[in-house]
Structure formats: structure tokens, C-alpha cells
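Peer 1: Dropping in upload.pdb, which is PDB, C-alpha atoms:
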```pdb
ATOM      1  CA  MET G   5       0.000   0.000   0.000
ATOM      2  CA  THR G   6       1.326   3.362  -0.947
ATOM      3  CA  THR G   7       1.004   6.485   1.070
ATOM      4  CA  PRO G   8      -0.472   9.518  -0.635
ATOM      5  CA  THR G   9       2.005  12.007  -1.950
ATOM      6  CA  ARG G  10       2.309  15.286  -0.167
ATOM      7  CA  PRO G  11       0.388  17.382  -2.783
ATOM      8  CA  ALA G  12      -2.498  14.872  -2.763
ATOM      9  CA  ALA G  13      -2.614  14.925   1.052
ATOM     10  CA  ASP G  14      -2.588  18.753   1.028
ATOM     11  CA  ALA G  15      -5.453  18.813  -1.508
ATOM     12  CA  ALA G  16      -7.485  16.371   0.609
ATOM     13  CA  ALA G  17      -6.920  18.470   3.749
ATOM     14  CA  ALA G  18      -7.868  21.657   1.871
ATOM     15  CA  SER G  19     -11.008  19.929   0.597
ATOM     16  CA  VAL G  20     -12.039  18.891   4.125
ATOM     17  CA  GLN G  21     -11.310  22.390   5.413
ATOM     18  CA  LEU G  22     -13.361  24.006   2.621
ATOM     19  CA  ARG G  23     -16.258  21.629   3.282
ATOM     20  CA  THR G  24     -16.171  22.481   7.003
ATOM     21  CA  ARG G  25     -16.218  26.226   6.223
ATOM     22  CA  LEU G  26     -19.076  25.751   3.733
ATOM     23  CA  VAL G  27     -21.164  23.833   6.281
ATOM     24  CA  ALA G  28     -20.659  26.638   8.833
ATOM     25  CA  PHE G  29     -21.427  29.271   6.162
ATOM     26  CA  VAL G  30     -24.673  27.537   5.197
ATOM     27  CA  ALA G  31     -25.753  26.709   8.765
ATOM     28  CA  ALA G  32     -25.562  30.386   9.698
ATOM     29  CA  ARG G  33     -27.946  31.305   6.870
ATOM     30  CA  ILE G  34     -30.776  28.796   7.170
ATOM     31  CA  ASP G  35     -33.499  28.105   9.700
ATOM     32  CA  ARG G  36     -32.583  24.469  10.257
ATOM     33  CA  PRO G  37     -28.802  24.088  10.580
ATOM     34  CA  ALA G  38     -29.251  20.312  10.360
ATOM     35  CA  ASP G  39     -29.984  20.834   6.638
ATOM     36  CA  ALA G  40     -26.568  22.451   6.080
ATOM     37  CA  GLU G  41     -24.861  19.150   5.243
ATOM     38  CA  ASP G  42     -27.489  18.386   2.597
ATOM     39  CA  ILE G  43     -27.097  21.814   1.015
ATOM     40  CA  VAL G  44     -23.295  21.522   0.963
ATOM     41  CA  GLN G  45     -23.647  18.115  -0.659
ATOM     42  CA  GLU G  46     -25.824  19.739  -3.332
ATOM     43  CA  VAL G  47     -23.146  22.420  -3.784
ATOM     44  CA  LEU G  48     -20.502  19.760  -4.317
ATOM     45  CA  VAL G  49     -22.703  18.015  -6.888
ATOM     46  CA  ARG G  50     -23.202  21.315  -8.729
ATOM     47  CA  ILE G  51     -19.468  21.962  -8.695
ATOM     48  CA  SER G  52     -18.720  18.496 -10.058
ATOM     49  CA  ARG G  53     -21.268  18.985 -12.867
ATOM     50  CA  SER G  54     -19.881  22.352 -13.857
ATOM     51  CA  ALA G  55     -17.306  22.227 -16.599
ATOM     52  CA  ALA G  56     -16.944  26.003 -16.736
ATOM     53  CA  GLY G  57     -15.256  26.804 -13.472
ATOM     54  CA  PRO G  58     -13.125  29.887 -13.026
ATOM     55  CA  ARG G  59      -9.951  30.079 -15.093
ATOM     56  CA  GLU G  60      -7.964  31.754 -12.330
ATOM     57  CA  ALA G  61      -7.038  29.845  -9.193
ATOM     58  CA  GLY G  62      -7.728  32.906  -7.022
ATOM     59  CA  ARG G  63     -11.338  33.007  -8.208
ATOM     60  CA  LEU G  64     -12.037  29.380  -7.277
ATOM     61  CA  GLU G  65     -13.129  30.107  -3.712
ATOM     62  CA  ALA G  66     -15.357  33.039  -4.767
ATOM     63  CA  TRP G  67     -16.945  30.794  -7.417
ATOM     64  CA  VAL G  68     -17.604  28.054  -4.836
ATOM     65  CA  TYR G  69     -19.199  30.530  -2.433
ATOM     66  CA  GLN G  70     -21.392  31.946  -5.208
ATOM     67  CA  ILE G  71     -22.650  28.430  -5.963
ATOM     68  CA  THR G  72     -23.241  27.980  -2.215
ATOM     69  CA  ARG G  73     -25.231  31.223  -1.960
ATOM     70  CA  ASN G  74     -27.356  30.108  -4.924
ATOM     71  CA  ALA G  75     -27.994  26.744  -3.248
ATOM     72  CA  ILE G  76     -29.084  28.550  -0.053
ATOM     73  CA  ILE G  77     -31.495  30.705  -2.080
ATOM     74  CA  ASP G  78     -32.885  27.567  -3.747
ATOM     75  CA  HIS G  79     -33.312  25.988  -0.300
ATOM     76  CA  HIS G  80     -35.265  29.023   0.980
ATOM     77  CA  ARG G  81     -37.443  29.049  -2.134
ATOM     78  CA  ALA G  82     -38.208  25.343  -1.779
ATOM     79  CA  ALA G  83     -39.038  25.778   1.922
ATOM     80  CA  ALA G  84     -41.345  28.705   1.135
ATOM     81  CA  ALA G  85     -43.075  26.742  -1.626
ATOM     82  CA  ALA G  86     -43.525  23.771   0.697
ATOM     83  CA  GLY G  87     -44.977  26.066   3.377
ATOM     84  CA  ARG G  88     -47.422  27.587   0.886
ATOM     85  CA  ALA G  89     -48.437  24.122  -0.334
ATOM     86  CA  HIS G  90     -48.992  22.987   3.266
ATOM     87  CA  ALA G  91     -51.103  26.069   4.059
ATOM     88  CA  ARG G  92     -53.091  25.637   0.842
ATOM     89  CA  ALA G  93     -53.755  21.968   1.663
ATOM     90  CA  ALA G  94     -54.905  22.874   5.180
ATOM     91  CA  PHE G  95     -57.173  25.581   3.774
ATOM     92  CA  ASP G  96     -58.597  23.184   1.182
ATOM     93  CA  ARG G  97     -59.315  20.623   3.911
ATOM     94  CA  SER G  98     -61.127  23.289   5.929
ATOM     95  CA  LEU G  99     -63.466  23.909   3.006
ATOM     96  CA  THR G 100     -64.596  20.334   2.637
ATOM     97  CA  ALA G 101     -68.150  19.393   3.477
ATOM     98  CA  GLU G 102     -66.871  17.271   6.349
ATOM     99  CA  THR G 103     -65.835  20.330   8.387
ATOM    100  CA  ALA G 104     -68.943  22.439   7.987
ATOM    101  CA  ASP G 105     -72.536  21.739   8.899
ATOM    102  CA  PRO G 106     -74.517  21.734   5.623
ATOM    103  CA  GLY G 107     -77.537  23.264   7.373
ATOM    104  CA  ALA G 108     -75.382  26.078   8.758
ATOM    105  CA  LEU G 109     -73.842  26.707   5.338
ATOM    106  CA  SER G 110     -77.292  26.820   3.798
ATOM    107  CA  ALA G 111     -78.463  29.292   6.451
ATOM    108  CA  LEU G 112     -75.373  31.429   5.856
ATOM    109  CA  ALA G 113     -75.942  31.391   2.090
ATOM    110  CA  GLY G 114     -79.553  32.427   2.724
ATOM    111  CA  CYS G 115     -78.347  35.372   4.821
ATOM    112  CA  LEU G 116     -75.730  36.521   2.327
ATOM    113  CA  ALA G 117     -78.116  37.029  -0.606
ATOM    114  CA  PRO G 118     -80.205  39.798   1.041
ATOM    115  CA  MET G 119     -77.047  41.306   2.540
ATOM    116  CA  LEU G 120     -75.448  41.545  -0.897
ATOM    117  CA  GLU G 121     -78.491  43.433  -2.149
ATOM    118  CA  ARG G 122     -77.954  46.039   0.573
ATOM    119  CA  LEU G 123     -74.413  46.780  -0.647
ATOM    120  CA  ALA G 124     -73.596  49.496  -3.143
ATOM    121  CA  GLU G 125     -73.414  48.354  -6.776
ATOM    122  CA  ARG G 126     -69.631  48.564  -6.970
ATOM    123  CA  ASP G 127     -69.270  46.442  -3.800
ATOM    124  CA  ARG G 128     -71.760  43.849  -5.097
ATOM    125  CA  GLN G 129     -69.929  43.743  -8.398
ATOM    126  CA  ALA G 130     -66.522  43.206  -6.747
ATOM    127  CA  ILE G 131     -67.790  40.355  -4.557
ATOM    128  CA  ALA G 132     -69.751  38.759  -7.393
ATOM    129  CA  LEU G 133     -66.788  38.695  -9.780
ATOM    130  CA  VAL G 134     -64.183  37.480  -7.309
ATOM    131  CA  ASP G 135     -66.096  35.349  -4.819
ATOM    132  CA  TYR G 136     -68.996  33.996  -6.874
ATOM    133  CA  GLU G 137     -67.681  33.851 -10.442
ATOM    134  CA  GLY G 138     -64.226  32.814  -9.256
ATOM    135  CA  LEU G 139     -62.253  35.380 -11.237
ATOM    136  CA  THR G 140     -58.849  36.336  -9.960
ATOM    137  CA  GLN G 141     -58.569  39.897  -8.755
ATOM    138  CA  ALA G 142     -56.369  40.639 -11.782
ATOM    139  CA  GLU G 143     -59.048  39.334 -14.160
ATOM    140  CA  ALA G 144     -61.752  41.285 -12.337
ATOM    141  CA  ALA G 145     -59.614  44.431 -12.470
ATOM    142  CA  ARG G 146     -59.202  44.066 -16.247
ATOM    143  CA  ARG G 147     -62.922  43.476 -16.699
ATOM    144  CA  LEU G 148     -63.820  46.588 -14.676
ATOM    145  CA  GLY G 149     -61.002  48.728 -16.051
ATOM    146  CA  LEU G 150     -59.357  49.170 -12.651
ATOM    147  CA  SER G 151     -55.764  48.965 -11.506
ATOM    148  CA  MET G 152     -54.781  45.863  -9.558
ATOM    149  CA  PRO G 153     -54.321  47.808  -6.270
ATOM    150  CA  GLY G 154     -57.679  49.501  -6.871
ATOM    151  CA  MET G 155     -59.392  46.136  -7.335
ATOM    152  CA  LYS G 156     -57.766  44.689  -4.223
ATOM    153  CA  SER G 157     -58.944  47.673  -2.179
ATOM    154  CA  ARG G 158     -62.436  47.447  -3.609
ATOM    155  CA  VAL G 159     -62.724  43.726  -2.795
ATOM    156  CA  GLN G 160     -61.388  44.226   0.738
ATOM    157  CA  ARG G 161     -63.763  47.107   1.440
ATOM    158  CA  ALA G 162     -66.723  45.217  -0.037
ATOM    159  CA  ARG G 163     -65.984  42.132   2.061
ATOM    160  CA  ALA G 164     -65.600  44.279   5.194
ATOM    161  CA  ARG G 165     -68.956  45.994   4.529
ATOM    162  CA  LEU G 166     -70.641  42.640   3.907
ATOM    163  CA  ARG G 167     -69.142  41.239   7.116
ATOM    164  CA  THR G 168     -70.395  44.275   9.059
ATOM    165  CA  LEU G 169     -73.924  43.810   7.707
ATOM    166  CA  LEU G 170     -73.855  40.085   8.396
ATOM    167  CA  THR G 171     -72.516  40.324  11.949
ATOM    168  CA  ALA G 172     -75.038  43.054  12.810
ATOM    169  CA  CYS G 173     -77.826  40.665  11.890
ATOM    170  CA  CYS G 174     -76.521  37.117  12.406
ATOM    171  CA  ARG G 175     -74.244  35.323  14.808
ATOM    172  CA  VAL G 176     -71.973  32.942  12.893
ATOM    173  CA  GLU G 177     -70.149  30.323  14.947
ATOM    174  CA  THR G 178     -67.152  28.558  13.435
ATOM    175  CA  ASP G 179     -65.075  25.610  14.542
ATOM    176  CA  ALA G 180     -61.320  25.673  15.104
ATOM    177  CA  ARG G 181     -60.673  25.095  11.398
ATOM    178  CA  GLY G 182     -62.952  27.925  10.279
ATOM    179  CA  GLY G 183     -65.874  25.732   9.231
ATOM    180  CA  VAL G 184     -69.326  27.198   9.800
ATOM    181  CA  ARG G 185     -71.034  25.392  12.686
ATOM    182  CA  GLU G 186     -74.127  27.491  13.318
ATOM    183  CA  VAL G 187     -75.890  30.617  12.098
ATOM    184  CA  ARG G 188     -78.396  32.332  14.417
ATOM    185  CA  PRO G 189     -80.209  35.651  14.240
ATOM    186  CA  ALA G 190     -78.625  38.273  16.462
ATOM    187  CA  GLY G 191     -81.281  40.928  16.064
ATOM    188  CA  ALA G 192     -83.601  42.292  13.401
ATOM    189  CA  CYS G 193     -82.449  40.314  10.423
ATOM    190  CA  PRO G 194     -83.640  41.036   6.872
ATOM    191  CA  CYS G 195     -82.716  37.516   5.835
ATOM    192  CA  GLY G 196     -84.918  35.850   8.416
ATOM    193  CA  GLY G 197     -81.803  34.232   9.958
TER     194      GLY G 197
END
```
Written as C-alpha cells, that's how I'd like the structure from this file.
Peer 2:
Amino acid sequence: MTTPTRPAADAAAASVQLRTRLVAFVAARIDRPADAEDIVQEVLVRISRSAAGPREAGRLEAWVYQITRNAIIDHHRAAAAAGRAHARAAFDRSLTAETADPGALSALAGCLAPMLERLAERDRQAIALVDYEGLTQAEAARRLGLSMPGMKSRVQRARARLRTLLTACCRVETDARGGVREVRPAGACPCGG
């Protein structure tokens, strides 16, 4: 068995030292430092795939750190996308028929129709396009000839006015997941609660 030559041993030691610095660099920039090893492994794979490394030896370390920063950004993007997907799945589950009482939903729908009629035309139009027809706010803005911020404001104000009318007339009880459990009249109610 032969012992490694001195330049090969120096290169191996430098490689271990660089990896250790990269792991520390990554761990300081992510929420879960335990993922640092995985990200550094991804960096090393990217480096090995890249045929166009820097031509100058002095630029090698800067190039490696740039690849590392890009891998950290990719990690944050993936974590954010996973968080959004998780939130969307939880929201979708909260809208299933299993979480809401069908009678309560029917009563709420019966209350909303007369309440909508009491709103101004522009508020009714905003809610109808976005919440009933299912248009995105951008599509609704184009249809009405409004700017996107203007449409967002209009929808928010219309929903707030509708909520005010509804809560002045009806008491809506929800479960922990936001499903409608019960709708009761809370006073003089034009919908008959």
C-alpha cells in the first residue's frame, strides 16, 4: 500500500477544510442548521457537474461561495413553496363538506343574498366577480377597467362591509378550522336568519 504524496494529502486536507467552512457558512444562513450538510452536498454536486469553473485559481473560492449562496437561495425558495403548499392543503381541507354543517352553510348562504343586495353596486360587483364567479382579482380588475391595487382595495372594502352587515344581523359560529357550525339571528335580520 502506498502512502499519498504530499500534494495529494494537502489537496485532501484543503477539501475537508473548505467543506467544514461551507457547512458553517450555510448553517448560519438557514433556519434548520441540520440541513446544512445536505445543502453543501448539493453544492458539491453542482461543482462536479460544472465544466466552466473559473480560469484563475484565485477566483475558485469566490466561485464556490457563489454556488453555495445560490444553493441557499434555492433551499429558501423550496421551503417557502412547501410552506405555501402545506397552508393551501390545510385551507382546502377546511373547506370540505366534512368540516362544515350543511344546514349552517345553507343558512349562511340564505343570509348573504339579502345582505349583498344592501351593498352598493360597486361592492356587489366586486364580490360577485371574485367570490362567486371565481375570477382572480387581476381578471376582475381588467374586466372593470381598474388597476390591480384599486381592485384589491375594492374587494377588501366590499368584504368588510358585507361582514359588518352580516354580523349586525346574524351570529356565525365557526369551529377551530374555520368551518361554519351554526348561524343564528342576532337581532332584526332582513334575511330571516
Peer 1: Which is closest to Gln141 (chain G) among G:Ala124, G:Val159, G:Ala86, G:Val44, if we use all atoms listed in the file?
Peer 2: G:Val159
Peer 1: Hey, which of G:Ile51, G:Leu150, G:Ala164, G:Leu139 ends up closest to Asp127 (chain G)? Count all atoms listed in the file.
Peer 2: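 Among the listed residues, G:Ala164 lies closest to Asp127 (chain G).
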Peer 1: Grab all the atoms of region 39-56 of chain G that the file lists, wrap them in a box along x, y and z, add 5 Å per side, and give me centre plus edge lengths in Å (one decimal) as AutoDock Vina command-line options.
Peer 2:
```
--center_x -23.5 --center_y 22.0 --center_z -5.0 --size_x 23.0 --size_y 18.0 --size_z 33.4
```
Peer 1: Name the residues that the PyMOL selection byres ((chain G and resi 76-81) around 12) picks from the file above, as number ranges by chain, using the file's chain letters and numbers.
Peer 2: G: 26-27, 29-37, 39-47, 69-75, 82-88
Peer 1: From the set G:Ala142, G:Val176, G:Met155, G:Leu22, which residue has the shortest atom-to-atom contact distance to Arg126 (chain G), counting all atoms listed in the file?
Peer 2: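 Between G:Ala142, G:Val176, G:Met155, G:Leu22, the residue approaching Arg126 (chain G) most closely is G:Met155.
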Peer 1: One decimal, Å: what's the distance from CA of Val187 (chain G) over to CA of Thr140 (chain G), could you say?
Peer 2: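 So the two atoms, CA of Val187 (chain G) and CA of Thr140 (chain G), lie 28.5 Å apart.
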Peer 1: Quick one: distance from CA of Glu137 (chain G) to CA of Ala89 (chain G) in Å, one decimal?
Peer 2: 23.8 Å
Peer 1: In Å, how far is it from CA of Thr178 (chain G) to CA of Gly138 (chain G)?
Peer 2: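 Separation between CA of Thr178 (chain G) and CA of Gly138 (chain G): 23.3 Å.
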